[in-house]
Amino acid sequence: MKRLPPLYALRAFEQAARYNSFTLAAEALSITPGAVSRHIKTLEADFACQLFVRKGTRVEITTAGERLALQLREGFRTIESACDAFQRHGGDLRLKAASTLTMRWLLDVLQRFHEENSSLRAQLTSVWMDIDQVDFQREPYDCAILLGNGHFGAGTQSALLFSEWLIPLCAPALASQAQTRLDQCELIHPSADRRDWRRWLKRSGYTPQLDIQRGKVFDSLEQGNMAAISGHGVSVGDLLLSQAAIRQGLLATPFPQAVSTGDGYYLVWPENSQRQRTIGLLHRFLLEYLPQNTLPGIAFLSSG
């Protein structure tokens, strides 16, 4: 095998490049600034090139140093991810999920999961994502539940949990007006690109002219639902994730057409995961508690 520079020297250089300071790198690594300087001098001799320009007590990274630091940073991420996966083999299952899914379904299901599996916990991180995605090489997760078409990048596997069905939603007091004069109602957009209203109008067969460029814009379906509950207009949201609010009388469905977007919520995990058995256990449990439509009179219109 080709001889490599010492790993601790490479780490010291990467930290010095990150902070552009030997002193801050030393603090991060719990060593002295002199040790950082010696490590970098070792690398400069080994590579026969200058990595930093010394200007008294200040240092400035060179162009060659920047190139090396960038590649080392990627390499250390890969090493950390590989080690982390093995170190946590018997620990909590780290799960990433979108915020609306978490609030409207996943929290309750995970509580049941923990009650029935006392020796295993799913450590949930709920985040806002405009486009649901996960990078298992760079993010500290064992699996994720994401909205998409089932293709989440190379090196991943996925299993469909349930499909997305969009339907207009509003406070009950606005339902009659929305049915007859939707064009006069304030629209609520759960995403900045207004894609959900656009998809519902296209597939529902709604014919009156509707200007979707107007209305209030939010970041998520959850925010759109809350604005609708408060009477601020007519939103469009996921039927299955909004059922609890509908049954409680907080939301109404002024139109019976629920349209398929072609997307769905998938459990996603990396290929050859060391947590395969545990992920499988969670997957089987989730399938037992999927949200089901219990509302009468809903017409489901597929994307095909």
# chains A, B, ... in the order shown; residues from 1 in each chain; ligands from 1
$ residues_around --residues "segment 49-52 of chain A" --least-positions-apart "5" --cutoff "6 Å" --atoms "only C-alpha atoms" --output "list in words"
Glu44, Glu60, Ile61, Thr62 and Gly65 of chain A
$ residues_around --residues "Gln292 of chain A" --least-positions-apart "6" --cutoff "10 Å" --atoms "only C-alpha atoms" --output "PyMOL selection string"
chain A and resi 162+239-241+243
$ select_by_dssp --residues "segment 23-186 of chain A" --states "alpha helix (DSSP H)" --output "compact mmCIF listing (two decimals) with all heavy atoms, in the first residue's frame"
# COMPACT_ATOMS: atom_id res chain seq x y z
N THR A 23 -4.44 28.58 16.08
CA THR A 23 -4.91 28.64 17.47
C THR A 23 -6.30 28.01 17.61
O THR A 23 -6.54 27.20 18.51
CB THR A 23 -4.95 30.09 17.96
OG1 THR A 23 -3.64 30.65 17.87
CG2 THR A 23 -5.44 30.17 19.40
N LEU A 24 -7.22 28.38 16.71
CA LEU A 24 -8.58 27.82 16.79
C LEU A 24 -8.58 26.33 16.47
O LEU A 24 -9.35 25.56 17.06
CB LEU A 24 -9.51 28.58 15.84
CG LEU A 24 -9.77 30.04 16.20
CD1 LEU A 24 -10.69 30.69 15.16
CD2 LEU A 24 -10.38 30.16 17.60
N ALA A 25 -7.73 25.92 15.53
CA ALA A 25 -7.62 24.49 15.22
C ALA A 25 -7.12 23.73 16.44
O ALA A 25 -7.60 22.63 16.75
CB ALA A 25 -6.69 24.28 14.04
N ALA A 26 -6.16 24.31 17.14
CA ALA A 26 -5.62 23.67 18.34
C ALA A 26 -6.70 23.51 19.40
O ALA A 26 -6.80 22.46 20.07
CB ALA A 26 -4.45 24.49 18.88
N GLU A 27 -7.52 24.56 19.59
CA GLU A 27 -8.60 24.47 20.57
C GLU A 27 -9.59 23.38 20.20
O GLU A 27 -10.07 22.64 21.06
CB GLU A 27 -9.31 25.82 20.66
CG GLU A 27 -8.47 26.93 21.29
CD GLU A 27 -9.21 28.26 21.30
OE1 GLU A 27 -10.37 28.30 20.85
OE2 GLU A 27 -8.61 29.25 21.75
N ALA A 28 -9.92 23.27 18.90
CA ALA A 28 -10.88 22.25 18.45
C ALA A 28 -10.36 20.84 18.67
O ALA A 28 -11.13 19.92 18.94
CB ALA A 28 -11.21 22.47 16.98
N LEU A 29 -9.04 20.67 18.56
CA LEU A 29 -8.43 19.34 18.67
C LEU A 29 -7.82 19.07 20.04
O LEU A 29 -7.29 17.98 20.27
CB LEU A 29 -7.35 19.19 17.60
CG LEU A 29 -7.83 19.26 16.15
CD1 LEU A 29 -6.64 19.29 15.19
CD2 LEU A 29 -8.74 18.09 15.82
N PRO A 33 -1.13 25.11 19.70
CA PRO A 33 -0.89 25.69 18.38
C PRO A 33 0.45 25.26 17.79
O PRO A 33 0.57 25.09 16.57
CB PRO A 33 -0.93 27.20 18.64
CG PRO A 33 -1.77 27.35 19.86
CD PRO A 33 -1.46 26.15 20.70
N GLY A 34 1.46 25.07 18.65
CA GLY A 34 2.74 24.60 18.17
C GLY A 34 2.65 23.22 17.54
O GLY A 34 3.32 22.94 16.54
N ALA A 35 1.82 22.35 18.13
CA ALA A 35 1.64 21.01 17.57
C ALA A 35 0.97 21.09 16.20
O ALA A 35 1.33 20.36 15.28
CB ALA A 35 0.82 20.16 18.53
N VAL A 36 -0.02 21.98 16.08
CA VAL A 36 -0.67 22.15 14.78
C VAL A 36 0.34 22.62 13.74
O VAL A 36 0.40 22.10 12.62
CB VAL A 36 -1.83 23.17 14.89
CG1 VAL A 36 -2.40 23.49 13.49
CG2 VAL A 36 -2.94 22.64 15.79
N SER A 37 1.17 23.58 14.12
CA SER A 37 2.18 24.10 13.21
C SER A 37 3.15 23.01 12.77
O SER A 37 3.50 22.90 11.59
CB SER A 37 2.94 25.24 13.87
OG SER A 37 3.94 25.76 13.00
N ARG A 38 3.58 22.17 13.71
CA ARG A 38 4.51 21.08 13.37
C ARG A 38 3.86 20.07 12.44
O ARG A 38 4.49 19.57 11.50
CB ARG A 38 5.01 20.40 14.65
CG ARG A 38 5.97 21.26 15.47
CD ARG A 38 6.64 20.44 16.56
NE ARG A 38 5.68 19.96 17.55
CZ ARG A 38 5.31 20.66 18.63
NH1 ARG A 38 5.77 21.89 18.83
NH2 ARG A 38 4.46 20.14 19.48
N HIS A 39 2.60 19.75 12.69
CA HIS A 39 1.90 18.80 11.82
C HIS A 39 1.84 19.33 10.39
O HIS A 39 2.03 18.59 9.41
CB HIS A 39 0.48 18.56 12.33
CG HIS A 39 0.43 17.75 13.59
ND1 HIS A 39 1.28 16.70 13.84
CD2 HIS A 39 -0.40 17.82 14.68
CE1 HIS A 39 1.00 16.17 15.01
NE2 HIS A 39 -0.02 16.83 15.54
N ILE A 40 1.54 20.62 10.25
CA ILE A 40 1.42 21.20 8.91
C ILE A 40 2.78 21.26 8.22
O ILE A 40 2.88 21.01 7.01
CB ILE A 40 0.75 22.58 9.01
CG1 ILE A 40 -0.72 22.40 9.44
CG2 ILE A 40 0.82 23.32 7.67
CD1 ILE A 40 -1.45 23.67 9.74
N LYS A 41 3.82 21.56 8.97
CA LYS A 41 5.16 21.55 8.38
C LYS A 41 5.53 20.15 7.91
O LYS A 41 6.19 19.98 6.87
CB LYS A 41 6.18 22.05 9.41
CG LYS A 41 6.12 23.55 9.65
CD LYS A 41 7.16 23.99 10.68
CE LYS A 41 7.09 25.50 10.89
NZ LYS A 41 8.07 25.95 11.93
N THR A 42 5.12 19.12 8.64
CA THR A 42 5.36 17.74 8.22
C THR A 42 4.68 17.46 6.89
O THR A 42 5.27 16.85 5.99
CB THR A 42 4.84 16.76 9.29
OG1 THR A 42 5.55 16.96 10.50
CG2 THR A 42 4.99 15.32 8.84
N LEU A 43 3.43 17.93 6.74
CA LEU A 43 2.69 17.72 5.49
C LEU A 43 3.34 18.51 4.35
O LEU A 43 3.42 18.01 3.22
CB LEU A 43 1.23 18.14 5.66
CG LEU A 43 0.38 17.31 6.63
CD1 LEU A 43 -1.03 17.88 6.71
CD2 LEU A 43 0.33 15.85 6.19
N GLU A 44 3.76 19.72 4.61
CA GLU A 44 4.38 20.53 3.57
C GLU A 44 5.65 19.88 3.06
O GLU A 44 5.94 19.89 1.86
CB GLU A 44 4.66 21.94 4.10
CG GLU A 44 3.39 22.76 4.29
CD GLU A 44 3.64 24.13 4.88
OE1 GLU A 44 4.59 24.27 5.71
OE2 GLU A 44 2.89 25.08 4.54
N ALA A 45 6.41 19.28 3.98
CA ALA A 45 7.63 18.56 3.57
C ALA A 45 7.27 17.30 2.79
O ALA A 45 7.92 16.97 1.79
CB ALA A 45 8.47 18.22 4.80
N ASP A 46 6.23 16.62 3.23
CA ASP A 46 5.82 15.38 2.58
C ASP A 46 5.28 15.64 1.17
O ASP A 46 5.55 14.89 0.23
CB ASP A 46 4.76 14.69 3.44
CG ASP A 46 4.67 13.19 3.18
OD1 ASP A 46 5.72 12.59 2.88
OD2 ASP A 46 3.57 12.64 3.29
N PHE A 47 4.50 16.74 1.02
CA PHE A 47 3.90 17.06 -0.27
C PHE A 47 4.80 17.96 -1.13
O PHE A 47 4.49 18.20 -2.30
CB PHE A 47 2.55 17.77 -0.06
CG PHE A 47 1.49 16.92 0.57
CD1 PHE A 47 0.66 17.44 1.55
CD2 PHE A 47 1.34 15.59 0.21
CE1 PHE A 47 -0.33 16.65 2.13
CE2 PHE A 47 0.36 14.79 0.78
CZ PHE A 47 -0.47 15.33 1.75
N THR A 63 -3.53 28.43 -2.38
CA THR A 63 -4.45 27.80 -3.32
C THR A 63 -4.32 26.28 -3.26
O THR A 63 -5.33 25.55 -3.27
CB THR A 63 -4.16 28.28 -4.75
OG1 THR A 63 -4.32 29.70 -4.80
CG2 THR A 63 -5.12 27.64 -5.74
N ALA A 64 -3.10 25.78 -3.18
CA ALA A 64 -2.89 24.33 -3.06
C ALA A 64 -3.51 23.82 -1.76
O ALA A 64 -4.11 22.74 -1.73
CB ALA A 64 -1.40 24.02 -3.10
N GLY A 65 -3.34 24.60 -0.69
CA GLY A 65 -3.92 24.20 0.58
C GLY A 65 -5.44 24.13 0.53
O GLY A 65 -6.05 23.22 1.10
N GLU A 66 -6.06 25.07 -0.17
CA GLU A 66 -7.52 25.06 -0.30
C GLU A 66 -8.00 23.81 -1.03
O GLU A 66 -9.00 23.20 -0.65
CB GLU A 66 -7.99 26.31 -1.03
CG GLU A 66 -7.88 27.59 -0.20
CD GLU A 66 -8.33 28.81 -0.98
OE1 GLU A 66 -8.41 28.72 -2.23
OE2 GLU A 66 -8.58 29.86 -0.35
N ARG A 67 -7.29 23.42 -2.08
CA ARG A 67 -7.68 22.21 -2.83
C ARG A 67 -7.57 20.97 -1.95
O ARG A 67 -8.45 20.11 -1.94
CB ARG A 67 -6.81 22.05 -4.07
CG ARG A 67 -7.07 23.08 -5.16
CD ARG A 67 -6.56 22.58 -6.51
NE ARG A 67 -5.14 22.25 -6.45
CZ ARG A 67 -4.16 23.10 -6.73
NH1 ARG A 67 -4.47 24.36 -7.08
NH2 ARG A 67 -2.89 22.73 -6.68
N LEU A 68 -6.47 20.89 -1.21
CA LEU A 68 -6.29 19.73 -0.33
C LEU A 68 -7.34 19.71 0.77
O LEU A 68 -7.91 18.66 1.08
CB LEU A 68 -4.89 19.76 0.28
CG LEU A 68 -4.57 18.64 1.27
CD1 LEU A 68 -4.66 17.28 0.58
CD2 LEU A 68 -3.19 18.84 1.90
N ALA A 69 -7.63 20.87 1.36
CA ALA A 69 -8.60 20.94 2.46
C ALA A 69 -9.98 20.50 2.00
O ALA A 69 -10.70 19.79 2.71
CB ALA A 69 -8.65 22.36 3.02
N LEU A 70 -10.37 20.91 0.80
CA LEU A 70 -11.69 20.55 0.29
C LEU A 70 -11.83 19.04 0.15
O LEU A 70 -12.84 18.46 0.55
CB LEU A 70 -11.92 21.24 -1.07
CG LEU A 70 -13.25 20.94 -1.76
CD1 LEU A 70 -14.42 21.43 -0.90
CD2 LEU A 70 -13.30 21.59 -3.14
N GLN A 71 -10.81 18.39 -0.40
CA GLN A 71 -10.88 16.95 -0.58
C GLN A 71 -10.79 16.20 0.74
O GLN A 71 -11.46 15.18 0.94
CB GLN A 71 -9.77 16.51 -1.53
CG GLN A 71 -9.92 17.07 -2.94
CD GLN A 71 -8.83 16.62 -3.88
OE1 GLN A 71 -8.67 15.43 -4.14
NE2 GLN A 71 -8.06 17.57 -4.39
N LEU A 72 -9.95 16.71 1.65
CA LEU A 72 -9.86 16.07 2.96
C LEU A 72 -11.17 16.17 3.73
O LEU A 72 -11.58 15.23 4.42
CB LEU A 72 -8.74 16.71 3.78
CG LEU A 72 -7.30 16.35 3.40
CD1 LEU A 72 -6.33 17.10 4.28
CD2 LEU A 72 -7.07 14.85 3.52
N ARG A 73 -11.85 17.31 3.59
CA ARG A 73 -13.12 17.50 4.29
C ARG A 73 -14.13 16.44 3.86
O ARG A 73 -14.83 15.85 4.69
CB ARG A 73 -13.65 18.91 4.01
CG ARG A 73 -14.71 19.38 5.00
CD ARG A 73 -14.81 20.90 4.96
NE ARG A 73 -13.60 21.54 5.45
CZ ARG A 73 -13.00 22.55 4.83
NH1 ARG A 73 -13.50 23.05 3.70
NH2 ARG A 73 -11.91 23.09 5.35
N GLU A 74 -14.20 16.18 2.56
CA GLU A 74 -15.09 15.14 2.06
C GLU A 74 -14.66 13.77 2.59
O GLU A 74 -15.49 12.95 2.97
CB GLU A 74 -15.08 15.14 0.53
CG GLU A 74 -15.69 16.37 -0.11
CD GLU A 74 -17.18 16.47 0.19
OE1 GLU A 74 -17.85 15.43 0.20
OE2 GLU A 74 -17.65 17.60 0.41
N GLY A 75 -13.34 13.54 2.60
CA GLY A 75 -12.85 12.26 3.08
C GLY A 75 -13.16 12.02 4.55
O GLY A 75 -13.57 10.92 4.94
N PHE A 76 -12.99 13.05 5.38
CA PHE A 76 -13.28 12.89 6.80
C PHE A 76 -14.77 12.67 7.04
O PHE A 76 -15.15 11.93 7.95
CB PHE A 76 -12.78 14.11 7.59
CG PHE A 76 -11.31 14.08 7.87
CD1 PHE A 76 -10.47 15.09 7.45
CD2 PHE A 76 -10.75 13.01 8.56
CE1 PHE A 76 -9.11 15.06 7.70
CE2 PHE A 76 -9.39 12.97 8.83
CZ PHE A 76 -8.56 13.99 8.39
N ARG A 77 -15.61 13.31 6.23
CA ARG A 77 -17.06 13.07 6.37
C ARG A 77 -17.38 11.60 6.11
O ARG A 77 -18.20 10.99 6.81
CB ARG A 77 -17.84 13.95 5.40
CG ARG A 77 -17.93 15.42 5.78
CD ARG A 77 -19.03 16.10 5.01
NE ARG A 77 -19.00 17.55 5.17
CZ ARG A 77 -18.57 18.40 4.25
NH1 ARG A 77 -18.13 17.94 3.09
NH2 ARG A 77 -18.59 19.69 4.47
N THR A 78 -16.76 11.04 5.08
CA THR A 78 -17.00 9.64 4.75
C THR A 78 -16.52 8.73 5.88
O THR A 78 -17.21 7.78 6.28
CB THR A 78 -16.27 9.27 3.45
OG1 THR A 78 -16.75 10.10 2.40
CG2 THR A 78 -16.52 7.82 3.08
N ILE A 79 -15.34 9.01 6.42
CA ILE A 79 -14.81 8.21 7.52
C ILE A 79 -15.71 8.32 8.75
O ILE A 79 -16.05 7.31 9.39
CB ILE A 79 -13.38 8.67 7.86
CG1 ILE A 79 -12.42 8.35 6.71
CG2 ILE A 79 -12.89 8.00 9.14
CD1 ILE A 79 -11.05 8.95 6.87
N GLU A 80 -16.13 9.54 9.08
CA GLU A 80 -16.99 9.74 10.25
C GLU A 80 -18.32 9.01 10.10
O GLU A 80 -18.83 8.41 11.04
CB GLU A 80 -17.22 11.23 10.47
CG GLU A 80 -15.98 11.98 10.96
CD GLU A 80 -16.14 13.49 10.83
OE1 GLU A 80 -17.20 13.92 10.32
OE2 GLU A 80 -15.22 14.21 11.24
N SER A 81 -18.87 9.07 8.89
CA SER A 81 -20.15 8.40 8.64
C SER A 81 -20.01 6.89 8.78
O SER A 81 -20.86 6.21 9.36
CB SER A 81 -20.66 8.76 7.24
OG SER A 81 -21.86 8.09 6.95
N ALA A 82 -18.92 6.34 8.23
CA ALA A 82 -18.70 4.90 8.31
C ALA A 82 -18.52 4.44 9.76
O ALA A 82 -19.10 3.45 10.20
CB ALA A 82 -17.48 4.51 7.48
N CYS A 83 -17.72 5.18 10.51
CA CYS A 83 -17.49 4.83 11.92
C CYS A 83 -18.76 4.98 12.75
O CYS A 83 -19.07 4.15 13.60
CB CYS A 83 -16.38 5.71 12.50
SG CYS A 83 -14.75 5.39 11.78
N ASP A 84 -19.50 6.05 12.46
CA ASP A 84 -20.73 6.32 13.22
C ASP A 84 -21.74 5.21 13.04
O ASP A 84 -22.41 4.80 13.97
CB ASP A 84 -21.32 7.66 12.78
CG ASP A 84 -22.41 8.14 13.72
OD1 ASP A 84 -22.16 8.16 14.94
OD2 ASP A 84 -23.49 8.49 13.24
N ALA A 85 -21.85 4.70 11.81
CA ALA A 85 -22.81 3.63 11.52
C ALA A 85 -22.50 2.39 12.34
O ALA A 85 -23.39 1.72 12.86
CB ALA A 85 -22.80 3.31 10.04
N PHE A 86 -21.21 2.07 12.49
CA PHE A 86 -20.84 0.88 13.25
C PHE A 86 -20.93 1.12 14.75
O PHE A 86 -21.34 0.25 15.50
CB PHE A 86 -19.42 0.44 12.86
CG PHE A 86 -19.40 -0.38 11.60
CD1 PHE A 86 -19.27 0.25 10.37
CD2 PHE A 86 -19.55 -1.75 11.64
CE1 PHE A 86 -19.26 -0.49 9.20
CE2 PHE A 86 -19.54 -2.50 10.48
CZ PHE A 86 -19.40 -1.89 9.25
N GLN A 87 -20.55 2.32 15.19
CA GLN A 87 -20.60 2.62 16.61
C GLN A 87 -22.03 2.59 17.14
O GLN A 87 -22.29 2.23 18.28
CB GLN A 87 -19.97 3.98 16.89
CG GLN A 87 -18.46 4.00 16.73
CD GLN A 87 -17.89 5.40 16.77
OE1 GLN A 87 -18.62 6.38 16.62
NE2 GLN A 87 -16.58 5.50 16.94
N SER A 99 -41.87 17.89 8.66
CA SER A 99 -42.59 18.43 9.81
C SER A 99 -44.09 18.12 9.78
O SER A 99 -44.67 17.75 10.80
CB SER A 99 -42.35 19.93 9.91
OG SER A 99 -42.66 20.58 8.68
N THR A 100 -44.74 18.29 8.63
CA THR A 100 -46.20 18.04 8.59
C THR A 100 -46.51 16.59 8.86
O THR A 100 -47.41 16.26 9.65
CB THR A 100 -46.76 18.44 7.21
OG1 THR A 100 -46.56 19.85 7.01
CG2 THR A 100 -48.25 18.15 7.13
N LEU A 101 -45.78 15.68 8.23
CA LEU A 101 -45.97 14.25 8.47
C LEU A 101 -45.78 13.93 9.94
O LEU A 101 -46.55 13.14 10.53
CB LEU A 101 -44.97 13.46 7.62
CG LEU A 101 -44.99 11.95 7.83
CD1 LEU A 101 -46.13 11.34 7.01
CD2 LEU A 101 -43.67 11.32 7.44
N LEU A 107 -45.79 11.22 15.07
CA LEU A 107 -45.56 11.29 16.51
C LEU A 107 -46.39 10.26 17.26
O LEU A 107 -45.89 9.57 18.16
CB LEU A 107 -45.88 12.70 17.02
CG LEU A 107 -44.77 13.75 16.92
CD1 LEU A 107 -45.27 15.08 17.45
CD2 LEU A 107 -43.52 13.32 17.65
N ASP A 108 -47.66 10.15 16.92
CA ASP A 108 -48.54 9.19 17.60
C ASP A 108 -48.10 7.75 17.34
O ASP A 108 -48.13 6.90 18.23
CB ASP A 108 -49.99 9.38 17.16
CG ASP A 108 -50.60 10.67 17.69
OD1 ASP A 108 -50.07 11.20 18.69
OD2 ASP A 108 -51.58 11.15 17.10
N VAL A 109 -47.70 7.48 16.10
CA VAL A 109 -47.29 6.11 15.75
C VAL A 109 -46.00 5.74 16.47
O VAL A 109 -45.86 4.62 16.98
CB VAL A 109 -47.12 5.98 14.22
CG1 VAL A 109 -46.60 4.60 13.86
CG2 VAL A 109 -48.44 6.23 13.51
N LEU A 110 -45.05 6.66 16.54
CA LEU A 110 -43.80 6.37 17.23
C LEU A 110 -44.02 6.16 18.72
O LEU A 110 -43.32 5.36 19.36
CB LEU A 110 -42.79 7.48 17.00
CG LEU A 110 -42.16 7.54 15.61
CD1 LEU A 110 -41.12 8.66 15.54
CD2 LEU A 110 -41.52 6.20 15.22
N GLN A 111 -44.98 6.87 19.31
CA GLN A 111 -45.28 6.65 20.72
C GLN A 111 -45.74 5.21 20.94
O GLN A 111 -45.31 4.54 21.89
CB GLN A 111 -46.35 7.63 21.19
CG GLN A 111 -46.67 7.48 22.68
CD GLN A 111 -47.66 8.54 23.15
OE1 GLN A 111 -47.87 9.54 22.50
NE2 GLN A 111 -48.25 8.30 24.32
N ARG A 112 -46.60 4.70 20.05
CA ARG A 112 -47.04 3.31 20.14
C ARG A 112 -45.87 2.36 19.94
O ARG A 112 -45.75 1.32 20.61
CB ARG A 112 -48.12 3.03 19.09
CG ARG A 112 -49.43 3.73 19.33
CD ARG A 112 -50.44 3.33 18.27
NE ARG A 112 -51.73 3.97 18.45
CZ ARG A 112 -52.78 3.79 17.66
NH1 ARG A 112 -52.67 2.98 16.60
NH2 ARG A 112 -53.92 4.40 17.90
N PHE A 113 -45.02 2.70 18.99
CA PHE A 113 -43.85 1.87 18.69
C PHE A 113 -42.97 1.73 19.93
O PHE A 113 -42.51 0.62 20.27
CB PHE A 113 -43.06 2.49 17.54
CG PHE A 113 -41.83 1.72 17.15
CD1 PHE A 113 -41.92 0.54 16.44
CD2 PHE A 113 -40.57 2.20 17.50
CE1 PHE A 113 -40.78 -0.17 16.07
CE2 PHE A 113 -39.43 1.50 17.14
CZ PHE A 113 -39.53 0.31 16.42
N HIS A 114 -42.73 2.82 20.64
CA HIS A 114 -41.89 2.78 21.83
C HIS A 114 -42.58 2.01 22.97
O HIS A 114 -41.91 1.33 23.75
CB HIS A 114 -41.56 4.20 22.29
CG HIS A 114 -40.71 4.94 21.30
ND1 HIS A 114 -40.78 6.31 21.12
CD2 HIS A 114 -39.80 4.51 20.40
CE1 HIS A 114 -39.94 6.67 20.18
NE2 HIS A 114 -39.33 5.60 19.73
N GLU A 115 -43.89 2.12 23.05
CA GLU A 115 -44.62 1.39 24.09
C GLU A 115 -44.54 -0.11 23.87
O GLU A 115 -44.49 -0.89 24.83
CB GLU A 115 -46.08 1.84 24.12
CG GLU A 115 -46.27 3.27 24.64
CD GLU A 115 -47.69 3.76 24.45
OE1 GLU A 115 -48.48 3.04 23.81
OE2 GLU A 115 -48.01 4.87 24.95
N GLU A 116 -44.51 -0.54 22.61
CA GLU A 116 -44.50 -1.96 22.30
C GLU A 116 -43.09 -2.51 22.10
O GLU A 116 -42.92 -3.73 22.03
CB GLU A 116 -45.34 -2.22 21.03
CG GLU A 116 -46.80 -1.86 21.21
CD GLU A 116 -47.64 -2.22 19.99
OE1 GLU A 116 -47.22 -3.11 19.21
OE2 GLU A 116 -48.73 -1.61 19.82
N ALA A 175 -66.81 27.11 4.00
CA ALA A 175 -67.02 26.03 3.04
C ALA A 175 -68.06 26.40 1.98
O ALA A 175 -67.86 26.15 0.78
CB ALA A 175 -67.45 24.76 3.77
N SER A 176 -69.17 27.00 2.38
CA SER A 176 -70.23 27.33 1.42
C SER A 176 -69.74 28.35 0.39
O SER A 176 -69.98 28.20 -0.81
CB SER A 176 -71.45 27.87 2.16
OG SER A 176 -72.47 28.24 1.26
N GLN A 177 -69.04 29.39 0.84
CA GLN A 177 -68.52 30.39 -0.08
C GLN A 177 -67.49 29.78 -1.03
O GLN A 177 -67.47 30.09 -2.23
CB GLN A 177 -67.89 31.54 0.69
CG GLN A 177 -67.32 32.64 -0.22
CD GLN A 177 -66.59 33.72 0.55
OE1 GLN A 177 -66.60 33.73 1.77
NE2 GLN A 177 -65.95 34.62 -0.17
N ALA A 178 -66.64 28.90 -0.50
CA ALA A 178 -65.62 28.26 -1.34
C ALA A 178 -66.26 27.42 -2.43
O ALA A 178 -65.79 27.39 -3.57
CB ALA A 178 -64.69 27.42 -0.48
N GLN A 179 -67.35 26.74 -2.11
CA GLN A 179 -68.03 25.90 -3.09
C GLN A 179 -68.60 26.71 -4.24
O GLN A 179 -68.57 26.27 -5.40
CB GLN A 179 -69.14 25.10 -2.40
CG GLN A 179 -68.65 24.02 -1.46
CD GLN A 179 -69.78 23.45 -0.62
OE1 GLN A 179 -70.91 23.94 -0.65
NE2 GLN A 179 -69.47 22.41 0.15
N THR A 180 -69.13 27.87 -3.94
CA THR A 180 -69.82 28.65 -4.97
C THR A 180 -68.96 29.72 -5.62
O THR A 180 -69.09 29.99 -6.82
CB THR A 180 -71.07 29.33 -4.36
OG1 THR A 180 -70.67 30.13 -3.24
CG2 THR A 180 -72.06 28.27 -3.89
$ residues_around --residues "Leu182 of chain A" --least-positions-apart "5" --cutoff "9 Å" --atoms "only C-alpha atoms" --output "PyMOL selection string"
chain A and resi 177+187+208+210+234
$ closest_residue --among "A:Arg275, A:Arg214, A:Lys55, A:Asp196" --to "Gly233 of chain A" --atoms "only C-alpha atoms"
A:Arg214
$ select_by_dssp --residues "segment 99-291 of chain A" --states "strand (DSSP E)" --output "PyMOL selection string"
chain A and resi 122-127+143-148+156-169+188-189+216-217+235-238+257-270
$ atom_distance --atom1 "atom CA of Asp219 of chain A" --atom2 "atom CA of Met103 of chain A"
14.7 Å
$ closest_residue --among "A:Glu164, A:Asp92, A:Glu139, A:Asp130" --to "Arg194 of chain A" --atoms "only C-alpha atoms"
A:Asp130
$ atom_distance --atom1 "atom CA of Tyr206 of chain A" --atom2 "atom CA of Ala244 of chain A"
25.7 Å
$ decode --residues "segment 6-17 of chain A" --atoms "N, CA and C atoms" --output "short mmCIF file (atom, residue, chain, number, x, y, z; two decimals), in the first residue's frame"
data_model
loop_
_atom_site.label_atom_id
_atom_site.label_comp_id
_atom_site.auth_asym_id
_atom_site.auth_seq_id
_atom_site.Cartn_x
_atom_site.Cartn_y
_atom_site.Cartn_z
N PRO A 6 0.49 10.96 8.20
CA PRO A 6 -0.23 10.62 9.44
C PRO A 6 -1.63 11.23 9.45
N LEU A 7 -2.61 10.44 9.89
CA LEU A 7 -3.99 10.91 9.92
C LEU A 7 -4.15 12.12 10.84
N TYR A 8 -3.43 12.11 11.98
CA TYR A 8 -3.57 13.24 12.91
C TYR A 8 -3.02 14.53 12.31
N ALA A 9 -2.01 14.42 11.44
CA ALA A 9 -1.48 15.61 10.77
C ALA A 9 -2.48 16.14 9.75
N LEU A 10 -3.11 15.22 9.01
CA LEU A 10 -4.12 15.63 8.04
C LEU A 10 -5.31 16.28 8.75
N ARG A 11 -5.68 15.74 9.90
CA ARG A 11 -6.80 16.29 10.65
C ARG A 11 -6.45 17.70 11.16
N ALA A 12 -5.23 17.86 11.64
CA ALA A 12 -4.81 19.17 12.13
C ALA A 12 -4.83 20.19 11.00
N PHE A 13 -4.35 19.79 9.82
CA PHE A 13 -4.37 20.71 8.68
C PHE A 13 -5.81 21.06 8.29
N GLU A 14 -6.70 20.06 8.24
CA GLU A 14 -8.09 20.33 7.83
C GLU A 14 -8.76 21.31 8.79
N GLN A 15 -8.50 21.18 10.08
CA GLN A 15 -9.08 22.10 11.06
C GLN A 15 -8.48 23.49 10.91
N ALA A 16 -7.17 23.57 10.68
CA ALA A 16 -6.53 24.87 10.48
C ALA A 16 -7.08 25.56 9.24
N ALA A 17 -7.33 24.78 8.20
CA ALA A 17 -7.91 25.35 6.98
C ALA A 17 -9.34 25.80 7.21
#
